[in-house]
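Encoded as structure tokens, the structure appears first; notes follow it.
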Amino acid sequence: MHEIKTGFGDILKRQLELAERNYELLSDRGVRAINVMGAIGSGKTALILQLAERLQAKGIRVGAIAGDVAGDDDLKRFQAAGLPSAVINTGDDCHLDAHRVGHALKDFPLSAVDVLFIENVGNLVCPADFPLGTEQDLVVISVTEGDDMVRKHPKMFAQTDVVAINKIDLAEIIEVDPQRIVEDYRRVNPHGRAVLTDAKHGRGMEELLSVLGF
Amino acid sequence: MHEYSLAHSLLEGLLEHLSTHPVEGRVVKVHVRQGELLILSQEALGEAWRLLSEGTPLAGSELEIERVPVRVRCPGCGYQGDARYLAEEGWHQAIPVLACPQCEARVEVVEGKELVITNLTVEDRQPP
């Protein structure tokens, strides 16, 4: 047996380079993009629609890209709200990646938007390893996923600076204490900001916008 | 389950590398460094490698994965070194915290997000 050094580089660096290319394209066009991640049913789409409505009221133009394994249900929701939108079907992949987003951005009417929400595939694990080139990341979790979500996915939360804890209107009914989620999150990410939201009824939206810097 | 797509990228990269830098003898081990911030199952990555490498010159080789601890740089106080890890009962893994171990400021990640093939263990050719 003998050893041979290869050193042909980091395969995730390729992802990072593609993400940087997306970031440059978006900055050139004056678009601020936000990567919205979270499990299936956490309320990502509803939250984006609520944020979009409030941003539009401030005169900020909003677009959205729906990332899903299959289907155009979320795309239709964005279209119904009148947002310039597109869909990326990953065809079984569990996450969006910078390459796919790059293709979608090429055809997207970027000159018609100031803010672009990119809704990732419903999954709280895999998207964390794939930067897309967005300016910010936002993770949405719902209290219905249980108060141990941070404890079950600590590395995701250690790397995410804004978290919306959604569906708090249901917390009491299902006997989940949202504060426990907030405390766990603070321990793994002392610089992170958690906001309690109820996207269905529009609660917590102004605070979330302010945390996102709007 | 993004282990398959990453195993596929590793395999493609290595096969391409070997087409321009051929080795004499069979590759038995592929040594990989995996940053601890990645959310990857080593078992799934190894299994994906075994399946995907079938029918290629790398068939029968094993991935040997070494975990790379997270290293950070602090723009506040200039600290550069290992990240602080949170080890609590019931978490079953140590969690890297992206705050400075010295001054608690937000840190930049220097190492811990990489997936690199560092070297290969190759069988010596039998003397004729």
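By order in the structure tokens, chains are A, B, ...; within a chain, residues start at 1; ligands start at 1, following the order shown.
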
Next on the checklist: Give me, as a ChimeraX atom specification, the residues of chain A touching chain B, with the criterion being at most 7 Å (counting only C-alpha atoms).
Outcome noted: /A:1-7,9-12,94,125-126,129,151,154-155,158,188-191

Output C-alpha atoms for every residue in that selection, as a compact mmCIF listing (two decimals), in the first residue's frame.
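Full text of out30.txt as output:
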```
# COMPACT_ATOMS: atom_id res chain seq x y z
CA MET A 1 0.00 0.00 0.00
CA HIS A 2 1.07 3.55 -0.56
CA GLU A 3 -0.46 6.95 -0.07
CA ILE A 4 -1.02 9.54 -2.79
CA LYS A 5 -1.89 13.13 -2.03
CA THR A 6 -4.72 14.41 -4.21
CA GLY A 7 -5.57 17.90 -3.01
CA GLY A 9 -9.95 20.91 -3.70
CA ASP A 10 -13.12 21.17 -1.79
CA ILE A 11 -16.24 20.01 -3.63
CA LEU A 12 -18.38 22.39 -1.60
CA CYS A 94 -34.08 17.49 -0.92
CA VAL A 125 -31.62 19.45 7.37
CA CYS A 126 -30.15 19.47 3.88
CA ASP A 129 -25.21 22.79 3.58
CA ARG A 151 -32.42 20.39 20.18
CA PRO A 154 -28.79 22.18 16.56
CA LYS A 155 -26.31 22.69 13.72
CA ALA A 158 -26.21 27.40 15.16
CA VAL A 188 -26.68 27.41 20.17
CA ASN A 189 -26.66 30.86 18.56
CA PRO A 190 -26.07 33.75 20.98
CA HIS A 191 -26.23 36.26 18.11
```

Next on the checklist: Can you pull out the residues contacting A:Gly133? Cut-off 6 Å, using only C-alpha atoms, and skip same-chain residues under 5 positions away; I want them as a VMD selection string.
Outcome noted: chain A and resid 19 to 20 22 to 23

Just the helix (DSSP H, G or I) stuff from chain A, please, per backbone DSSP, written as an mmCIF file with C-alpha atoms, in the first residue's frame.
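Resulting contents of out.cif:
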```cif
data_model
loop_
_atom_site.group_PDB
_atom_site.id
_atom_site.type_symbol
_atom_site.label_atom_id
_atom_site.label_comp_id
_atom_site.auth_asym_id
_atom_site.auth_seq_id
_atom_site.Cartn_x
_atom_site.Cartn_y
_atom_site.Cartn_z
ATOM 1 C CA ILE A 11 -16.236 20.013 -3.632
ATOM 2 C CA LEU A 12 -18.376 22.394 -1.599
ATOM 3 C CA LYS A 13 -16.202 25.272 -2.735
ATOM 4 C CA ARG A 14 -17.804 24.859 -6.162
ATOM 5 C CA GLN A 15 -21.180 25.440 -4.484
ATOM 6 C CA LEU A 16 -19.776 28.490 -2.751
ATOM 7 C CA GLU A 17 -18.425 29.893 -6.032
ATOM 8 C CA LEU A 18 -21.798 29.452 -7.744
ATOM 9 C CA ALA A 19 -23.478 31.073 -4.735
ATOM 10 C CA GLU A 20 -21.103 34.029 -4.977
ATOM 11 C CA ARG A 21 -21.971 34.382 -8.653
ATOM 12 C CA ASN A 22 -25.682 34.539 -7.750
ATOM 13 C CA TYR A 23 -24.921 37.067 -5.037
ATOM 14 C CA GLU A 24 -23.050 39.289 -7.491
ATOM 15 C CA LEU A 25 -25.855 39.077 -10.064
ATOM 16 C CA LEU A 26 -28.439 39.993 -7.429
ATOM 17 C CA SER A 27 -26.383 42.892 -6.037
ATOM 18 C CA ASP A 28 -25.717 44.207 -9.547
ATOM 19 C CA LYS A 44 -42.923 29.338 4.888
ATOM 20 C CA THR A 45 -45.298 30.259 2.040
ATOM 21 C CA ALA A 46 -47.873 31.930 4.289
ATOM 22 C CA LEU A 47 -45.112 33.897 6.001
ATOM 23 C CA ILE A 48 -43.617 35.061 2.697
ATOM 24 C CA LEU A 49 -47.050 36.200 1.502
ATOM 25 C CA GLN A 50 -47.599 38.188 4.713
ATOM 26 C CA LEU A 51 -44.152 39.791 4.566
ATOM 27 C CA ALA A 52 -44.650 40.573 0.861
ATOM 28 C CA GLU A 53 -47.937 42.359 1.531
ATOM 29 C CA ARG A 54 -46.349 44.546 4.224
ATOM 30 C CA LEU A 55 -43.245 45.284 2.155
ATOM 31 C CA GLN A 56 -45.392 46.262 -0.818
ATOM 32 C CA ALA A 57 -47.308 48.640 1.449
ATOM 33 C CA ASP A 73 -48.840 24.780 -5.750
ATOM 34 C CA ASP A 74 -46.634 27.366 -4.051
ATOM 35 C CA LEU A 75 -45.982 29.078 -7.379
ATOM 36 C CA LYS A 76 -49.749 29.465 -7.836
ATOM 37 C CA ARG A 77 -50.017 31.005 -4.363
ATOM 38 C CA PHE A 78 -47.337 33.563 -5.222
ATOM 39 C CA GLN A 79 -48.963 34.258 -8.599
ATOM 40 C CA ALA A 80 -52.384 34.691 -6.986
ATOM 41 C CA ALA A 98 -26.792 27.575 -6.159
ATOM 42 C CA HIS A 99 -26.663 26.036 -9.630
ATOM 43 C CA ARG A 100 -30.434 25.624 -9.904
ATOM 44 C CA VAL A 101 -31.074 29.047 -8.408
ATOM 45 C CA GLY A 102 -28.615 30.557 -10.886
ATOM 46 C CA HIS A 103 -30.654 29.164 -13.781
ATOM 47 C CA ALA A 104 -33.900 30.444 -12.295
ATOM 48 C CA LEU A 105 -32.397 33.917 -11.786
ATOM 49 C CA LYS A 106 -31.424 34.107 -15.463
ATOM 50 C CA ASP A 107 -35.080 34.003 -16.511
ATOM 51 C CA LEU A 110 -35.122 40.922 -11.583
ATOM 52 C CA SER A 111 -35.671 44.525 -12.678
ATOM 53 C CA ALA A 112 -39.254 44.269 -11.372
ATOM 54 C CA CYS A 126 -30.153 19.468 3.880
ATOM 55 C CA PRO A 127 -30.606 23.109 2.743
ATOM 56 C CA ALA A 128 -28.177 24.212 5.497
ATOM 57 C CA ASP A 129 -25.215 22.785 3.582
ATOM 58 C CA VAL A 143 -44.706 25.184 17.380
ATOM 59 C CA THR A 144 -46.587 22.161 16.020
ATOM 60 C CA GLU A 145 -43.206 20.581 15.267
ATOM 61 C CA MET A 149 -36.927 21.404 17.332
ATOM 62 C CA VAL A 150 -33.718 23.292 18.109
ATOM 63 C CA ARG A 151 -32.417 20.392 20.177
ATOM 64 C CA LYS A 152 -33.082 18.034 17.271
ATOM 65 C CA PRO A 154 -28.793 22.183 16.561
ATOM 66 C CA LYS A 155 -26.312 22.689 13.717
ATOM 67 C CA MET A 156 -28.968 24.251 11.480
ATOM 68 C CA PHE A 157 -29.844 26.782 14.179
ATOM 69 C CA ALA A 158 -26.213 27.405 15.161
ATOM 70 C CA ILE A 168 -47.874 30.528 18.036
ATOM 71 C CA ASP A 169 -51.673 30.804 18.001
ATOM 72 C CA LEU A 170 -51.652 26.999 18.349
ATOM 73 C CA PRO A 178 -42.436 28.712 22.538
ATOM 74 C CA GLN A 179 -40.042 30.217 25.127
ATOM 75 C CA ARG A 180 -38.312 26.862 25.431
ATOM 76 C CA ILE A 181 -37.539 26.985 21.703
ATOM 77 C CA VAL A 182 -36.235 30.549 22.095
ATOM 78 C CA GLU A 183 -33.979 29.556 25.004
ATOM 79 C CA ASP A 184 -32.518 26.558 23.161
ATOM 80 C CA TYR A 185 -31.880 28.754 20.138
ATOM 81 C CA ARG A 186 -30.062 31.405 22.206
ATOM 82 C CA ARG A 187 -27.732 28.744 23.588
ATOM 83 C CA VAL A 188 -26.677 27.408 20.169
ATOM 84 C CA ALA A 199 -48.393 34.111 9.788
ATOM 85 C CA LYS A 200 -51.978 33.022 9.237
ATOM 86 C CA HIS A 201 -53.290 36.003 11.207
ATOM 87 C CA MET A 205 -44.761 40.340 11.010
ATOM 88 C CA GLU A 206 -43.648 43.891 11.762
ATOM 89 C CA GLU A 207 -41.106 42.648 14.317
ATOM 90 C CA LEU A 208 -39.795 40.059 11.854
ATOM 91 C CA LEU A 209 -39.435 42.720 9.158
ATOM 92 C CA SER A 210 -37.503 44.933 11.533
ATOM 93 C CA VAL A 211 -35.193 42.037 12.548
#
```

Checklist entry - Can you tell me, as an MDAnalysis selection string, what residues are no more than 12 Å from B:Thr56 when counting only C-alpha atoms, ignoring any on the same chain fewer than 3 positions away? => result chainID B and resid 11:12 14:16 18:19 26:27 49:53 59:61

Next on the checklist: So the first atom is atom CA of A:Glu119 and the second is atom CA of A:Val36; what is the distance between them in Å, to one decimal place?
Outcome noted: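 Going from atom CA of A:Glu119 over to atom CA of A:Val36 covers 4.8 Å.
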
Checklist entry - Could you pull out all residues of stretch 61-121 of chain B with a DSSP call of strand (DSSP E) and give them as a ChimeraX atom specification? => result /B:62-68,71-73,80-82,84-86,95-97,108-111,115-121

Item to check | For B:Gly35, the nearest of the candidates B:Arg67, B:Glu47, B:Tyr79, B:Ala87, counting only C-alpha atoms | outcome: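 Under the stated criterion, the closest residue is B:Arg67.
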
Item to check | Residue nearest A:Val195 - candidates A:Ala164, A:Ala39, A:Ile141, A:Val62, atoms counted: only C-alpha atoms | outcome: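 Of all the options, A:Ala164 lies closest to A:Val195.
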
Once you count only C-alpha atoms, what closest atom pair and distance in Å to one decimal does each residue of stretch 42-152 of chain A within 6 Å of stretch 160-163 of chain A have, with rows by chain and rising residue number, as JSON lines?
```
{"residue": "A:Leu138", "atom": "CA", "partner": "A:Val162", "partner_atom": "CA", "distance": 5.1}
{"residue": "A:Val139", "atom": "CA", "partner": "A:Val163", "partner_atom": "CA", "distance": 4.8}
{"residue": "A:Val140", "atom": "CA", "partner": "A:Val163", "partner_atom": "CA", "distance": 5.8}
```
